[in-house]
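Undergrad: This one is protein.pdb, PDB, C-alpha atoms.
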```
ATOM      1  CA  VAL A  82      97.203  74.631 169.742
ATOM      2  CA  ALA A  83     100.335  76.733 169.634
ATOM      3  CA  ARG A  84     101.651  74.719 166.691
ATOM      4  CA  ARG A  85      98.391  75.191 164.798
ATOM      5  CA  LEU A  86      98.612  78.914 165.439
ATOM      6  CA  VAL A  87     102.179  78.980 164.147
ATOM      7  CA  ASP A  88     101.227  76.973 161.044
ATOM      8  CA  SER A  89      98.221  79.185 160.433
ATOM      9  CA  HIS A  90     100.356  82.298 160.767
ATOM     10  CA  ALA A  91     102.914  80.875 158.381
ATOM     11  CA  MET A  92     100.180  80.021 155.867
ATOM     12  CA  LEU A  93      98.731  83.495 156.115
ATOM     13  CA  SER A  94     102.166  85.022 155.684
ATOM     14  CA  LEU A  95     102.780  82.876 152.599
ATOM     15  CA  GLN A  96      99.429  83.811 151.070
ATOM     16  CA  LEU A  97     100.107  87.460 151.824
ATOM     17  CA  ARG A  98     103.505  87.282 150.117
ATOM     18  CA  GLU A  99     101.977  85.530 147.099
ATOM     19  CA  ARG A 100      99.311  88.210 146.820
ATOM     20  CA  GLN A 101     101.947  90.910 147.121
ATOM     21  CA  VAL A 102     103.985  89.257 144.354
ATOM     22  CA  MET A 103     100.875  88.964 142.159
ATOM     23  CA  ALA A 104     100.026  92.594 142.809
ATOM     24  CA  GLN A 105     103.560  93.637 141.903
ATOM     25  CA  LYS A 106     103.459  91.564 138.699
ATOM     26  CA  LEU A 107     100.083  93.069 137.789
ATOM     27  CA  GLU A 108     101.360  96.560 138.453
ATOM     28  CA  PHE A 109     104.478  95.854 136.391
ATOM     29  CA  SER A 110     102.358  94.485 133.527
ATOM     30  CA  GLN A 111     100.150  97.577 133.663
ATOM     31  CA  ARG A 112     103.207  99.832 133.561
ATOM     32  CA  LEU A 113     104.543  97.914 130.563
ATOM     33  CA  ALA A 114     101.190  98.212 128.786
ATOM     34  CA  GLN A 115     101.029 101.931 129.553
ATOM     35  CA  ALA A 116     104.606 102.404 128.340
ATOM     36  CA  ALA A 117     103.815 100.503 125.133
ATOM     37  CA  GLN A 118     100.763 102.669 124.561
ATOM     38  CA  ARG A 119     102.789 105.844 125.154
ATOM     39  CA  ARG A 120     105.395 104.651 122.648
ATOM     40  CA  ALA A 121     102.678 103.872 120.104
ATOM     41  CA  GLU A 122     101.108 107.284 120.646
ATOM     42  CA  ALA A 123     104.493 109.003 120.309
ATOM     43  CA  ILE A 124     105.194 107.161 117.056
ATOM     44  CA  ILE A 125     101.873 107.891 115.357
ATOM     45  CA  ASP A 126     101.934 111.490 116.598
ATOM     46  CA  CYS A 127     105.135 112.013 114.570
ATOM     47  CA  LEU A 128     103.553 110.819 111.326
ATOM     48  CA  ASN A 129     102.305 113.227 108.691
ATOM     49  CA  ASP A 130      99.740 110.676 107.572
ATOM     50  CA  PHE A 131      96.337 110.389 109.235
ATOM     51  CA  VAL A 132      96.294 107.407 111.609
ATOM     52  CA  LEU A 133      93.315 105.892 113.403
ATOM     53  CA  VAL A 134      93.493 102.690 115.487
ATOM     54  CA  THR A 135      90.367 100.818 116.555
ATOM     55  CA  ASN A 136      89.859  97.676 118.616
ATOM     56  CA  PRO A 137      88.470  94.455 117.073
ATOM     57  CA  PHE A 138      84.959  95.809 117.700
ATOM     58  CA  GLY A 139      85.569  98.973 115.697
ATOM     59  CA  GLU A 140      85.872 101.289 118.710
ATOM     60  CA  VAL A 141      88.454 104.076 118.772
ATOM     61  CA  LEU A 142      91.702 103.364 120.653
ATOM     62  CA  LEU A 143      94.233 105.798 119.204
ATOM     63  CA  ALA A 144      94.374 108.643 116.729
ATOM     64  CA  ASN A 145      97.169 111.049 115.901
ATOM     65  CA  PRO A 146      96.606 114.838 115.789
ATOM     66  CA  GLU A 147      96.363 114.784 111.989
ATOM     67  CA  ALA A 148      93.436 112.349 112.079
ATOM     68  CA  GLN A 149      91.752 114.308 114.861
ATOM     69  CA  ARG A 150      91.955 117.496 112.794
ATOM     70  CA  LEU A 151      90.750 115.776 109.624
ATOM     71  CA  PHE A 152      87.712 114.194 111.261
ATOM     72  CA  GLN A 153      87.214 117.018 113.772
ATOM     73  CA  PHE A 154      87.187 115.132 117.074
ATOM     74  CA  GLU A 155      89.086 115.044 120.363
ATOM     75  CA  LEU A 156      90.673 111.688 121.193
ATOM     76  CA  GLN A 157      89.673 111.723 124.856
ATOM     77  CA  GLU A 158      86.033 112.226 123.900
ATOM     78  CA  ALA A 159      86.164 109.619 121.114
ATOM     79  CA  LEU A 160      87.813 106.789 123.088
ATOM     80  CA  GLY A 161      85.644 103.678 123.088
ATOM     81  CA  LYS A 162      83.165 105.100 120.600
ATOM     82  CA  PRO A 163      82.415 103.330 117.287
ATOM     83  CA  ALA A 164      84.625 104.636 114.478
ATOM     84  CA  ARG A 165      81.480 105.084 112.361
ATOM     85  CA  ASN A 166      80.248 107.731 114.808
ATOM     86  CA  VAL A 167      83.636 109.437 114.964
ATOM     87  CA  VAL A 168      84.906 109.695 111.378
ATOM     88  CA  GLY A 169      81.597 110.846 109.909
ATOM     89  CA  HIS A 170      82.383 109.145 106.589
ATOM     90  CA  PRO A 171      80.142 106.117 105.837
ATOM     91  CA  GLY A 172      82.410 104.805 103.090
ATOM     92  CA  LEU A 173      85.500 104.781 105.310
ATOM     93  CA  ALA A 174      83.529 103.320 108.224
ATOM     94  CA  ASN A 175      82.334 100.488 105.968
ATOM     95  CA  LEU A 176      85.918  99.703 104.933
ATOM     96  CA  ILE A 177      87.094  99.591 108.561
ATOM     97  CA  GLU A 178      84.210  97.319 109.537
ATOM     98  CA  GLN A 179      84.855  94.985 106.596
ATOM     99  CA  VAL A 180      88.512  94.539 107.561
ATOM    100  CA  ALA A 181      87.586  94.126 111.247
ATOM    101  CA  HIS A 182      85.067  91.433 110.330
ATOM    102  CA  ARG A 183      87.806  89.363 108.649
ATOM    103  CA  GLY A 184      89.781  89.226 111.901
ATOM    104  CA  ALA A 185      93.503  88.705 112.398
ATOM    105  CA  GLY A 186      93.820  86.574 109.254
ATOM    106  CA  GLY A 187      92.463  89.295 106.996
ATOM    107  CA  GLN A 188      94.586  91.017 104.371
ATOM    108  CA  ARG A 189      95.353  94.704 104.186
ATOM    109  CA  HIS A 190      92.871  96.674 102.132
ATOM    110  CA  THR A 191      93.829  99.688 100.020
ATOM    111  CA  ASP A 192      91.391 102.118  98.450
ATOM    112  CA  GLU A 193      90.971 105.758  97.435
ATOM    113  CA  ILE A 194      88.294 108.018  98.889
ATOM    114  CA  THR A 195      87.381 111.696  98.907
ATOM    115  CA  ILE A 196      86.821 113.674 102.095
ATOM    116  CA  VAL A 197      85.661 117.280 102.288
ATOM    117  CA  SER A 198      88.266 119.248 104.205
ATOM    118  CA  GLY A 199      88.230 123.019 104.512
ATOM    119  CA  GLY A 200      85.163 123.129 102.303
ATOM    120  CA  LYS A 201      86.951 121.374  99.436
ATOM    121  CA  PRO A 202      87.014 117.686  98.455
ATOM    122  CA  ARG A 203      90.432 116.076  98.818
ATOM    123  CA  TRP A 204      91.648 112.653  97.699
ATOM    124  CA  TYR A 205      93.106 110.165 100.170
ATOM    125  CA  LYS A 206      94.733 106.776  99.736
ATOM    126  CA  VAL A 207      93.452 104.545 102.532
ATOM    127  CA  THR A 208      95.315 101.509 103.863
ATOM    128  CA  ILE A 209      93.500  99.420 106.465
ATOM    129  CA  GLY A 210      94.920  96.296 108.092
ATOM    130  CA  PRO A 211      94.675  94.136 111.208
ATOM    131  CA  VAL A 212      97.012  94.733 114.151
ATOM    132  CA  VAL A 213      98.364  91.482 115.601
ATOM    133  CA  ASP A 214     101.044  90.623 118.158
ATOM    134  CA  ASN A 215     103.633  87.841 117.986
ATOM    135  CA  THR A 216     100.953  85.348 119.036
ATOM    136  CA  THR A 217      98.775  86.477 116.088
ATOM    137  CA  GLU A 218      96.158  87.687 118.561
ATOM    138  CA  HIS A 219      93.848  90.209 116.923
ATOM    139  CA  LEU A 220      94.471  93.504 118.737
ATOM    140  CA  GLY A 221      92.600  95.836 116.439
ATOM    141  CA  ILE A 222      92.566  97.667 113.119
ATOM    142  CA  ALA A 223      94.998 100.350 111.907
ATOM    143  CA  THR A 224      93.698 102.832 109.349
ATOM    144  CA  VAL A 225      96.194 105.093 107.577
ATOM    145  CA  LEU A 226      95.184 107.838 105.163
ATOM    146  CA  ARG A 227      97.613 109.689 102.896
ATOM    147  CA  ASP A 228      96.618 112.861 101.081
ATOM    148  CA  ILE A 229      97.066 112.271  97.335
ATOM    149  CA  THR A 230      95.173 115.346  96.122
ATOM    150  CA  SER A 231      98.293 116.812  94.478
ATOM    151  CA  GLU A 232      99.042 113.508  92.747
ATOM    152  CA  LYS A 233      95.462 113.310  91.468
ATOM    153  CA  ALA A 234      95.686 116.886  90.167
ATOM    154  CA  ALA A 235      98.957 116.088  88.376
ATOM    155  CA  GLN A 236      97.392 112.998  86.811
ATOM    156  CA  ALA A 237      94.420 115.070  85.650
ATOM    157  CA  ARG A 238      96.715 117.705  84.118
ATOM    158  CA  SER A 239      98.702 115.000  82.362
ATOM    159  CA  ALA A 240      95.526 113.424  80.975
ATOM    160  CA  GLU A 241      94.285 116.822  79.779
ATOM    161  CA  PHE A 242      97.637 117.505  78.094
ATOM    162  CA  VAL A 243      97.629 114.151  76.316
ATOM    163  CA  SER A 244      94.055 114.711  75.210
ATOM    164  CA  ALA A 245      94.866 118.200  73.904
ATOM    165  CA  VAL A 246      97.953 117.007  72.015
ATOM    166  CA  SER A 247      96.013 114.081  70.556
ATOM    167  CA  HIS A 248      93.354 116.489  69.328
ATOM    168  CA  GLU A 249      95.873 118.950  67.888
ATOM    169  CA  ILE A 250      97.856 116.252  66.128
ATOM    170  CA  LYS A 251      94.860 114.877  64.258
ATOM    171  CA  THR A 252      94.706 117.796  61.749
ATOM    172  CA  PRO A 253      98.336 117.692  60.524
ATOM    173  CA  LEU A 254      98.278 113.894  60.559
ATOM    174  CA  ALA A 255      95.182 113.915  58.344
ATOM    175  CA  SER A 256      96.917 116.308  55.929
ATOM    176  CA  VAL A 257     100.042 114.168  55.745
ATOM    177  CA  LYS A 258      97.961 111.061  55.099
ATOM    178  CA  ALA A 259      95.850 112.764  52.447
ATOM    179  CA  TYR A 260      98.757 114.222  50.432
ATOM    180  CA  ALA A 261     100.791 111.009  50.744
ATOM    181  CA  GLU A 262      97.843 109.087  49.305
ATOM    182  CA  MET A 263      97.476 111.668  46.512
ATOM    183  CA  LEU A 264     101.131 111.214  45.598
ATOM    184  CA  ALA A 265     100.768 107.439  45.693
ATOM    185  CA  ASP A 266      97.636 107.594  43.497
ATOM    186  CA  GLY A 267      99.378 109.796  40.907
ATOM    187  CA  ASP A 268      97.134 112.813  41.469
ATOM    188  CA  ALA A 269     100.101 115.075  40.715
ATOM    189  CA  ASN A 270      99.966 113.737  37.103
ATOM    190  CA  GLY A 271     103.748 113.516  37.038
ATOM    191  CA  ASN A 272     104.013 117.303  37.353
ATOM    192  CA  PRO A 273     107.221 118.043  39.306
ATOM    193  CA  GLU A 274     105.852 121.335  40.626
ATOM    194  CA  THR A 275     102.672 119.691  41.938
ATOM    195  CA  GLN A 276     104.669 116.876  43.458
ATOM    196  CA  GLN A 277     106.956 119.403  45.138
ATOM    197  CA  GLU A 278     103.919 121.283  46.463
ATOM    198  CA  PHE A 279     102.505 118.067  47.947
ATOM    199  CA  LEU A 280     105.881 117.234  49.518
ATOM    200  CA  GLU A 281     106.202 120.719  51.016
ATOM    201  CA  ILE A 282     102.740 120.415  52.576
ATOM    202  CA  ILE A 283     103.690 117.018  54.009
ATOM    203  CA  GLY A 284     106.928 118.502  55.369
ATOM    204  CA  THR A 285     105.137 121.487  56.925
ATOM    205  CA  GLN A 286     102.555 119.315  58.645
ATOM    206  CA  THR A 287     105.259 116.894  59.841
ATOM    207  CA  ASP A 288     107.165 119.814  61.402
ATOM    208  CA  ARG A 289     103.945 120.913  63.073
ATOM    209  CA  MET A 290     103.488 117.482  64.621
ATOM    210  CA  SER A 291     107.098 117.468  65.791
ATOM    211  CA  ARG A 292     106.631 120.808  67.588
ATOM    212  CA  LEU A 293     103.545 119.483  69.323
ATOM    213  CA  LEU A 294     105.481 116.506  70.629
ATOM    214  CA  GLU A 295     108.527 118.422  71.859
TER     215      GLU A 295
END
```
The structure given in the file should be rewritten as C-alpha coordinates.
TA:
Amino acid sequence: VARRLVDSHAMLSLQLRERQVMAQKLEFSQRLAQAAQRRAEAIIDCLNDFVLVTNPFGEVLLANPEAQRLFQFELQEALGKPARNVVGHPGLANLIEQVAHRGAGGQRHTDEITIVSGGKPRWYKVTIGPVVDNTTEHLGIATVLRDITSEKAAQARSAEFVSAVSHEIKTPLASVKAYAEMLADGDANGNPETQQEFLEIIGTQTDRMSRLLE
(Lines of atoms letter the chains of each structure in order from A and count residues from 1; the text may use other names and numbers.)
(Lines give C-alpha, C1' and ligand atoms only; values in the text may rest on other atoms or scores of the structure.)
Protein backbone atom coordinates (compact mmCIF):
# COMPACT_ATOMS: atom_id res chain seq x y z
CA VAL A 1 0.00 0.00 0.00
CA ALA A 2 2.79 2.37 0.91
CA ARG A 3 4.48 1.75 -2.44
CA ARG A 4 1.25 2.46 -4.30
CA LEU A 5 0.90 5.70 -2.37
CA VAL A 6 4.46 6.67 -3.24
CA ASP A 7 3.92 5.83 -6.93
CA SER A 8 0.64 7.72 -6.96
CA HIS A 9 2.28 10.74 -5.37
CA ALA A 10 5.10 10.61 -7.88
CA MET A 11 2.61 10.39 -10.75
CA LEU A 12 0.65 13.33 -9.41
CA SER A 13 3.84 15.33 -8.98
CA LEU A 14 4.86 14.54 -12.56
CA GLN A 15 1.46 15.54 -13.93
CA LEU A 16 1.57 18.72 -11.88
CA ARG A 17 5.01 19.61 -13.24
CA GLU A 18 3.86 18.89 -16.81
CA ARG A 19 0.84 21.13 -16.34
CA GLN A 20 3.04 23.85 -14.88
CA VAL A 21 5.39 23.58 -17.87
CA MET A 22 2.43 23.72 -20.28
CA ALA A 23 1.03 26.73 -18.45
CA GLN A 24 4.40 28.47 -18.63
CA LYS A 25 4.71 27.70 -22.36
CA LEU A 26 1.18 29.00 -22.95
CA GLU A 27 1.91 32.14 -20.99
CA PHE A 28 5.16 32.63 -22.89
CA SER A 29 3.37 32.14 -26.23
CA GLN A 30 0.72 34.67 -25.19
CA ARG A 31 3.41 37.17 -24.22
CA LEU A 32 5.12 36.66 -27.58
CA ALA A 33 1.82 37.16 -29.41
CA GLN A 34 1.08 40.29 -27.39
CA ALA A 35 4.59 41.62 -28.05
CA ALA A 36 4.20 40.93 -31.78
CA GLN A 37 0.88 42.76 -31.80
CA ARG A 38 2.39 45.73 -29.95
CA ARG A 39 5.23 45.86 -32.49
CA ALA A 40 2.74 45.73 -35.36
CA GLU A 41 0.67 48.48 -33.77
CA ALA A 42 3.77 50.62 -33.19
CA ILE A 43 4.84 50.19 -36.82
CA ILE A 44 1.51 51.06 -38.42
CA ASP A 45 1.00 53.94 -35.98
CA CYS A 46 4.15 55.56 -37.41
CA LEU A 47 2.87 55.44 -40.99
CA ASN A 48 1.37 58.47 -42.69
CA ASP A 49 -0.75 56.20 -44.86
CA PHE A 50 -4.13 54.90 -43.70
CA VAL A 51 -3.81 51.28 -42.55
CA LEU A 52 -6.59 48.86 -41.67
CA VAL A 53 -6.01 45.16 -40.85
CA THR A 54 -8.86 42.66 -40.78
CA ASN A 55 -8.97 38.94 -40.03
CA PRO A 56 -9.81 36.36 -42.72
CA PHE A 57 -13.50 36.94 -41.95
CA GLY A 58 -13.30 40.66 -42.64
CA GLU A 59 -13.44 41.74 -38.99
CA VAL A 60 -11.30 44.62 -37.72
CA LEU A 61 -8.05 43.68 -35.95
CA LEU A 62 -5.86 46.77 -36.22
CA ALA A 63 -6.06 50.32 -37.51
CA ASN A 64 -3.62 53.19 -37.19
CA PRO A 65 -4.73 56.66 -35.99
CA GLU A 66 -4.84 57.96 -39.57
CA ALA A 67 -7.38 55.31 -40.60
CA GLN A 68 -9.42 55.90 -37.45
CA ARG A 69 -9.63 59.62 -38.23
CA LEU A 70 -10.46 59.03 -41.89
CA PHE A 71 -13.28 56.59 -41.18
CA GLN A 72 -14.27 58.22 -37.88
CA PHE A 73 -14.13 55.28 -35.48
CA GLU A 74 -12.35 54.24 -32.29
CA LEU A 75 -10.31 51.04 -32.58
CA GLN A 76 -11.43 49.61 -29.24
CA GLU A 77 -15.07 49.97 -30.26
CA ALA A 78 -14.46 48.59 -33.77
CA LEU A 79 -12.48 45.47 -32.80
CA GLY A 80 -14.17 42.33 -34.08
CA LYS A 81 -16.74 44.23 -36.10
CA PRO A 82 -17.12 43.71 -39.88
CA ALA A 83 -15.03 46.21 -41.84
CA ARG A 84 -18.14 47.00 -43.92
CA ASN A 85 -19.82 48.40 -40.81
CA VAL A 86 -16.73 50.35 -39.77
CA VAL A 87 -15.40 52.05 -42.91
CA GLY A 88 -18.79 53.23 -44.15
CA HIS A 89 -17.65 52.96 -47.78
CA PRO A 90 -19.39 50.16 -49.74
CA GLY A 91 -16.87 50.23 -52.57
CA LEU A 92 -13.88 49.79 -50.25
CA ALA A 93 -15.71 47.14 -48.23
CA ASN A 94 -16.40 45.19 -51.43
CA LEU A 95 -12.71 45.29 -52.38
CA ILE A 96 -11.65 44.02 -48.94
CA GLU A 97 -14.20 41.20 -49.08
CA GLN A 98 -13.12 40.20 -52.59
CA VAL A 99 -9.47 39.90 -51.55
CA ALA A 100 -10.45 38.06 -48.34
CA HIS A 101 -12.51 35.59 -50.36
CA ARG A 102 -9.44 34.64 -52.43
CA GLY A 103 -7.58 33.58 -49.29
CA ALA A 104 -3.84 33.38 -48.69
CA GLY A 105 -3.10 32.60 -52.35
CA GLY A 106 -4.77 35.76 -53.60
CA GLN A 107 -2.84 38.57 -55.25
CA ARG A 108 -2.62 42.14 -54.05
CA HIS A 109 -5.30 44.39 -55.47
CA THR A 110 -4.72 48.06 -56.29
CA ASP A 111 -7.44 50.57 -57.09
CA GLU A 112 -8.36 54.25 -56.78
CA ILE A 113 -11.39 55.47 -54.85
CA THR A 114 -12.83 58.74 -53.60
CA ILE A 115 -13.78 59.34 -49.98
CA VAL A 116 -15.47 62.45 -48.61
CA SER A 117 -13.25 63.89 -45.91
CA GLY A 118 -13.85 67.26 -44.29
CA GLY A 119 -16.82 67.78 -46.56
CA LYS A 120 -14.70 67.43 -49.70
CA PRO A 121 -14.06 64.39 -51.92
CA ARG A 122 -10.46 63.20 -51.87
CA TRP A 123 -8.71 60.60 -54.03
CA TYR A 124 -6.99 57.59 -52.49
CA LYS A 125 -4.87 54.82 -53.96
CA VAL A 126 -5.90 51.58 -52.25
CA THR A 127 -3.65 48.53 -51.94
CA ILE A 128 -5.22 45.43 -50.41
CA GLY A 129 -3.41 42.13 -49.89
CA PRO A 130 -3.44 38.97 -47.77
CA VAL A 131 -1.31 38.75 -44.63
CA VAL A 132 0.45 35.39 -44.32
CA ASP A 133 3.14 34.00 -42.02
CA ASN A 134 6.12 31.82 -42.95
CA THR A 135 3.80 28.80 -43.08
CA THR A 136 1.58 30.64 -45.61
CA GLU A 137 -1.27 30.53 -43.10
CA HIS A 138 -3.87 33.17 -43.92
CA LEU A 139 -3.80 35.63 -41.01
CA GLY A 140 -5.91 38.38 -42.47
CA ILE A 141 -6.11 41.27 -44.92
CA ALA A 142 -4.06 44.49 -44.89
CA THR A 143 -5.63 47.55 -46.50
CA VAL A 144 -3.43 50.60 -47.13
CA LEU A 145 -4.76 53.88 -48.49
CA ARG A 146 -2.55 56.72 -49.74
CA ASP A 147 -3.94 60.18 -50.38
CA ILE A 148 -3.29 61.06 -54.04
CA THR A 149 -5.58 64.10 -54.24
CA SER A 150 -2.65 66.44 -54.99
CA GLU A 151 -1.37 64.12 -57.71
CA LYS A 152 -4.84 63.95 -59.27
CA ALA A 153 -5.10 67.75 -59.19
CA ALA A 154 -1.69 68.08 -60.87
CA GLN A 155 -2.73 65.60 -63.55
CA ALA A 156 -5.93 67.56 -64.15
CA ARG A 157 -4.00 70.84 -64.45
CA SER A 158 -1.58 69.23 -66.87
CA ALA A 159 -4.44 67.88 -68.99
CA GLU A 160 -6.13 71.29 -69.00
CA PHE A 161 -2.86 72.96 -70.05
CA VAL A 162 -2.32 70.51 -72.90
CA SER A 163 -5.89 70.98 -74.03
CA ALA A 164 -5.56 74.78 -73.93
CA VAL A 165 -2.27 74.75 -75.86
CA SER A 166 -3.71 72.34 -78.42
CA HIS A 167 -6.66 74.67 -78.93
CA GLU A 168 -4.48 77.78 -79.18
CA ILE A 169 -2.06 76.18 -81.61
CA LYS A 170 -4.76 75.22 -84.10
CA THR A 171 -5.26 78.80 -85.41
CA PRO A 172 -1.62 79.61 -86.28
CA LEU A 173 -1.12 76.08 -87.60
CA ALA A 174 -4.11 76.52 -89.92
CA SER A 175 -2.66 79.82 -91.17
CA VAL A 176 0.75 78.31 -91.84
CA LYS A 177 -0.83 75.41 -93.72
CA ALA A 178 -3.08 77.69 -95.76
CA TYR A 179 -0.35 80.13 -96.87
CA ALA A 180 2.12 77.30 -97.55
CA GLU A 181 -0.46 75.68 -99.82
CA MET A 182 -1.11 79.04 -101.54
CA LEU A 183 2.60 79.41 -102.24
CA ALA A 184 2.79 75.84 -103.52
CA ASP A 185 -0.26 76.39 -105.78
CA GLY A 186 1.23 79.59 -107.26
CA ASP A 187 -1.45 81.88 -105.85
CA ALA A 188 1.17 84.62 -105.50
CA ASN A 189 1.35 84.68 -109.35
CA GLY A 190 5.13 84.97 -109.17
CA ASN A 191 4.82 88.39 -107.51
CA PRO A 192 7.82 88.76 -105.16
CA GLU A 193 5.93 91.15 -102.88
CA THR A 194 2.99 88.76 -102.51
CA GLN A 195 5.33 85.86 -101.92
CA GLN A 196 7.16 87.86 -99.27
CA GLU A 197 3.84 88.74 -97.62
CA PHE A 198 2.87 85.05 -97.50
CA LEU A 199 6.27 84.14 -96.05
CA GLU A 200 6.03 86.85 -93.39
CA ILE A 201 2.60 85.57 -92.34
CA ILE A 202 3.99 82.03 -92.13
CA GLY A 203 6.93 83.31 -90.07
CA THR A 204 4.67 85.27 -87.71
CA GLN A 205 2.38 82.32 -87.10
CA THR A 206 5.37 79.99 -86.62
CA ASP A 207 6.77 82.36 -83.96
CA ARG A 208 3.37 82.36 -82.29
CA MET A 209 3.37 78.57 -82.11
CA SER A 210 6.90 78.59 -80.72
CA ARG A 211 5.89 80.96 -77.90
CA LEU A 212 2.98 78.72 -77.01
CA LEU A 213 5.29 75.74 -76.69
CA GLU A 214 7.97 77.44 -74.61
Undergrad: For A:Gly161, work out the shell of residues within 10 Å, counting only C-alpha atoms and skipping chain neighbours fewer than 2 positions away, then give it as number ranges by chain.
TA: A: 135-136, 138-143, 156-159, 163-164
Undergrad: May I have the residues within 7 Å of A:Val257 as an mmCIF file with C-alpha atoms, in the coordinates of the input, using all atoms listed in the file and disregarding those fewer than 4 positions away in the same chain?
TA:
```
data_model
loop_
_atom_site.group_PDB
_atom_site.id
_atom_site.type_symbol
_atom_site.label_atom_id
_atom_site.label_comp_id
_atom_site.auth_asym_id
_atom_site.auth_seq_id
_atom_site.Cartn_x
_atom_site.Cartn_y
_atom_site.Cartn_z
ATOM 1 C CA PRO A 253 98.336 117.692 60.524
ATOM 2 C CA ALA A 261 100.791 111.009 50.744
ATOM 3 C CA ILE A 283 103.690 117.018 54.009
ATOM 4 C CA GLN A 286 102.555 119.315 58.645
#
```
Undergrad: With 6 Å on each side, where is the centre of the axis-aligned box around all listed atoms of stretch 186-204 of chain A, and how long are its edges in Å to one decimal, as lines of an AutoDock Vina configuration file?
TA:
```
center_x = 90.3
center_y = 104.9
center_z = 103.3
size_x = 22.2
size_y = 48.6
size_z = 23.8
```
Undergrad: Please evaluate the PyMOL selection byres ((chain A and resi 222) around 12) against the structure above and give the resulting residues as an NGL selection string.
TA: :A and (132-144 or 164 or 174 or 176-190 or 208-213 or 218-221 or 223-225)
Undergrad: Quick one: residues within 10 Å of stretch 227-244 of chain A, all atoms listed in the file counted, chain neighbours fewer than 5 positions away excluded, as an mmCIF file with C-alpha atoms, in the coordinates of the input?
TA:
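Saved file selection-v4.cif follows:
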```cif
data_model
loop_
_atom_site.group_PDB
_atom_site.id
_atom_site.type_symbol
_atom_site.label_atom_id
_atom_site.label_comp_id
_atom_site.auth_asym_id
_atom_site.auth_seq_id
_atom_site.Cartn_x
_atom_site.Cartn_y
_atom_site.Cartn_z
ATOM 1 C CA ASN A 129 102.305 113.227 108.691
ATOM 2 C CA ASP A 130 99.740 110.676 107.572
ATOM 3 C CA PHE A 131 96.337 110.389 109.235
ATOM 4 C CA VAL A 132 96.294 107.407 111.609
ATOM 5 C CA GLU A 193 90.971 105.758 97.435
ATOM 6 C CA ILE A 194 88.294 108.018 98.889
ATOM 7 C CA THR A 195 87.381 111.696 98.907
ATOM 8 C CA ILE A 196 86.821 113.674 102.095
ATOM 9 C CA PRO A 202 87.014 117.686 98.455
ATOM 10 C CA ARG A 203 90.432 116.076 98.818
ATOM 11 C CA TRP A 204 91.648 112.653 97.699
ATOM 12 C CA TYR A 205 93.106 110.165 100.170
ATOM 13 C CA LYS A 206 94.733 106.776 99.736
ATOM 14 C CA VAL A 207 93.452 104.545 102.532
ATOM 15 C CA THR A 208 95.315 101.509 103.863
ATOM 16 C CA GLU A 249 95.873 118.950 67.888
ATOM 17 C CA ILE A 250 97.856 116.252 66.128
ATOM 18 C CA LEU A 294 105.481 116.506 70.629
#
```
Undergrad: Using the chain letters and residue numbers of this document, give as a PDB file with C-alpha atoms, in the frame of the given file the residues selected by the PyMOL selection byres ((chain A and resi 276) around 12).
TA:
```pdb
ATOM      1  CA  TYR A 260      98.757 114.222  50.432  1.00  0.00           C
ATOM      2  CA  ALA A 261     100.791 111.009  50.744  1.00  0.00           C
ATOM      3  CA  GLU A 262      97.843 109.087  49.305  1.00  0.00           C
ATOM      4  CA  MET A 263      97.476 111.668  46.512  1.00  0.00           C
ATOM      5  CA  LEU A 264     101.131 111.214  45.598  1.00  0.00           C
ATOM      6  CA  ALA A 265     100.768 107.439  45.693  1.00  0.00           C
ATOM      7  CA  ASP A 266      97.636 107.594  43.497  1.00  0.00           C
ATOM      8  CA  GLY A 267      99.378 109.796  40.907  1.00  0.00           C
ATOM      9  CA  ASP A 268      97.134 112.813  41.469  1.00  0.00           C
ATOM     10  CA  ALA A 269     100.101 115.075  40.715  1.00  0.00           C
ATOM     11  CA  ASN A 270      99.966 113.737  37.103  1.00  0.00           C
ATOM     12  CA  GLY A 271     103.748 113.516  37.038  1.00  0.00           C
ATOM     13  CA  ASN A 272     104.013 117.303  37.353  1.00  0.00           C
ATOM     14  CA  PRO A 273     107.221 118.043  39.306  1.00  0.00           C
ATOM     15  CA  GLU A 274     105.852 121.335  40.626  1.00  0.00           C
ATOM     16  CA  THR A 275     102.672 119.691  41.938  1.00  0.00           C
ATOM     17  CA  GLN A 277     106.956 119.403  45.138  1.00  0.00           C
ATOM     18  CA  GLU A 278     103.919 121.283  46.463  1.00  0.00           C
ATOM     19  CA  PHE A 279     102.505 118.067  47.947  1.00  0.00           C
ATOM     20  CA  LEU A 280     105.881 117.234  49.518  1.00  0.00           C
ATOM     21  CA  GLU A 281     106.202 120.719  51.016  1.00  0.00           C
ATOM     22  CA  ILE A 282     102.740 120.415  52.576  1.00  0.00           C
ATOM     23  CA  ILE A 283     103.690 117.018  54.009  1.00  0.00           C
TER      24      ILE A 283
END
```
Undergrad: How many Å separate atom CA of A:Gln101 from atom CA of A:Asp214?
TA: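 Atom CA of A:Asp214 lies 29.0 Å from atom CA of A:Gln101.
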Undergrad: Report, in Å with one decimal, the straight-line distance from atom CA of A:Lys162 to atom CA of A:Leu226.
TA: 19.8 Å
Undergrad: Rounded to one decimal place, report the atom CA of A:Ser247-atom CA of A:Ser291 distance in Å.
TA: 12.5 Å
Undergrad: Counting all atoms listed in the file, note down every residue that has an atom within 12 Å of the point (90.8, 116.3, 113.5) (file coordinates), as a count of residues only.
TA: 22
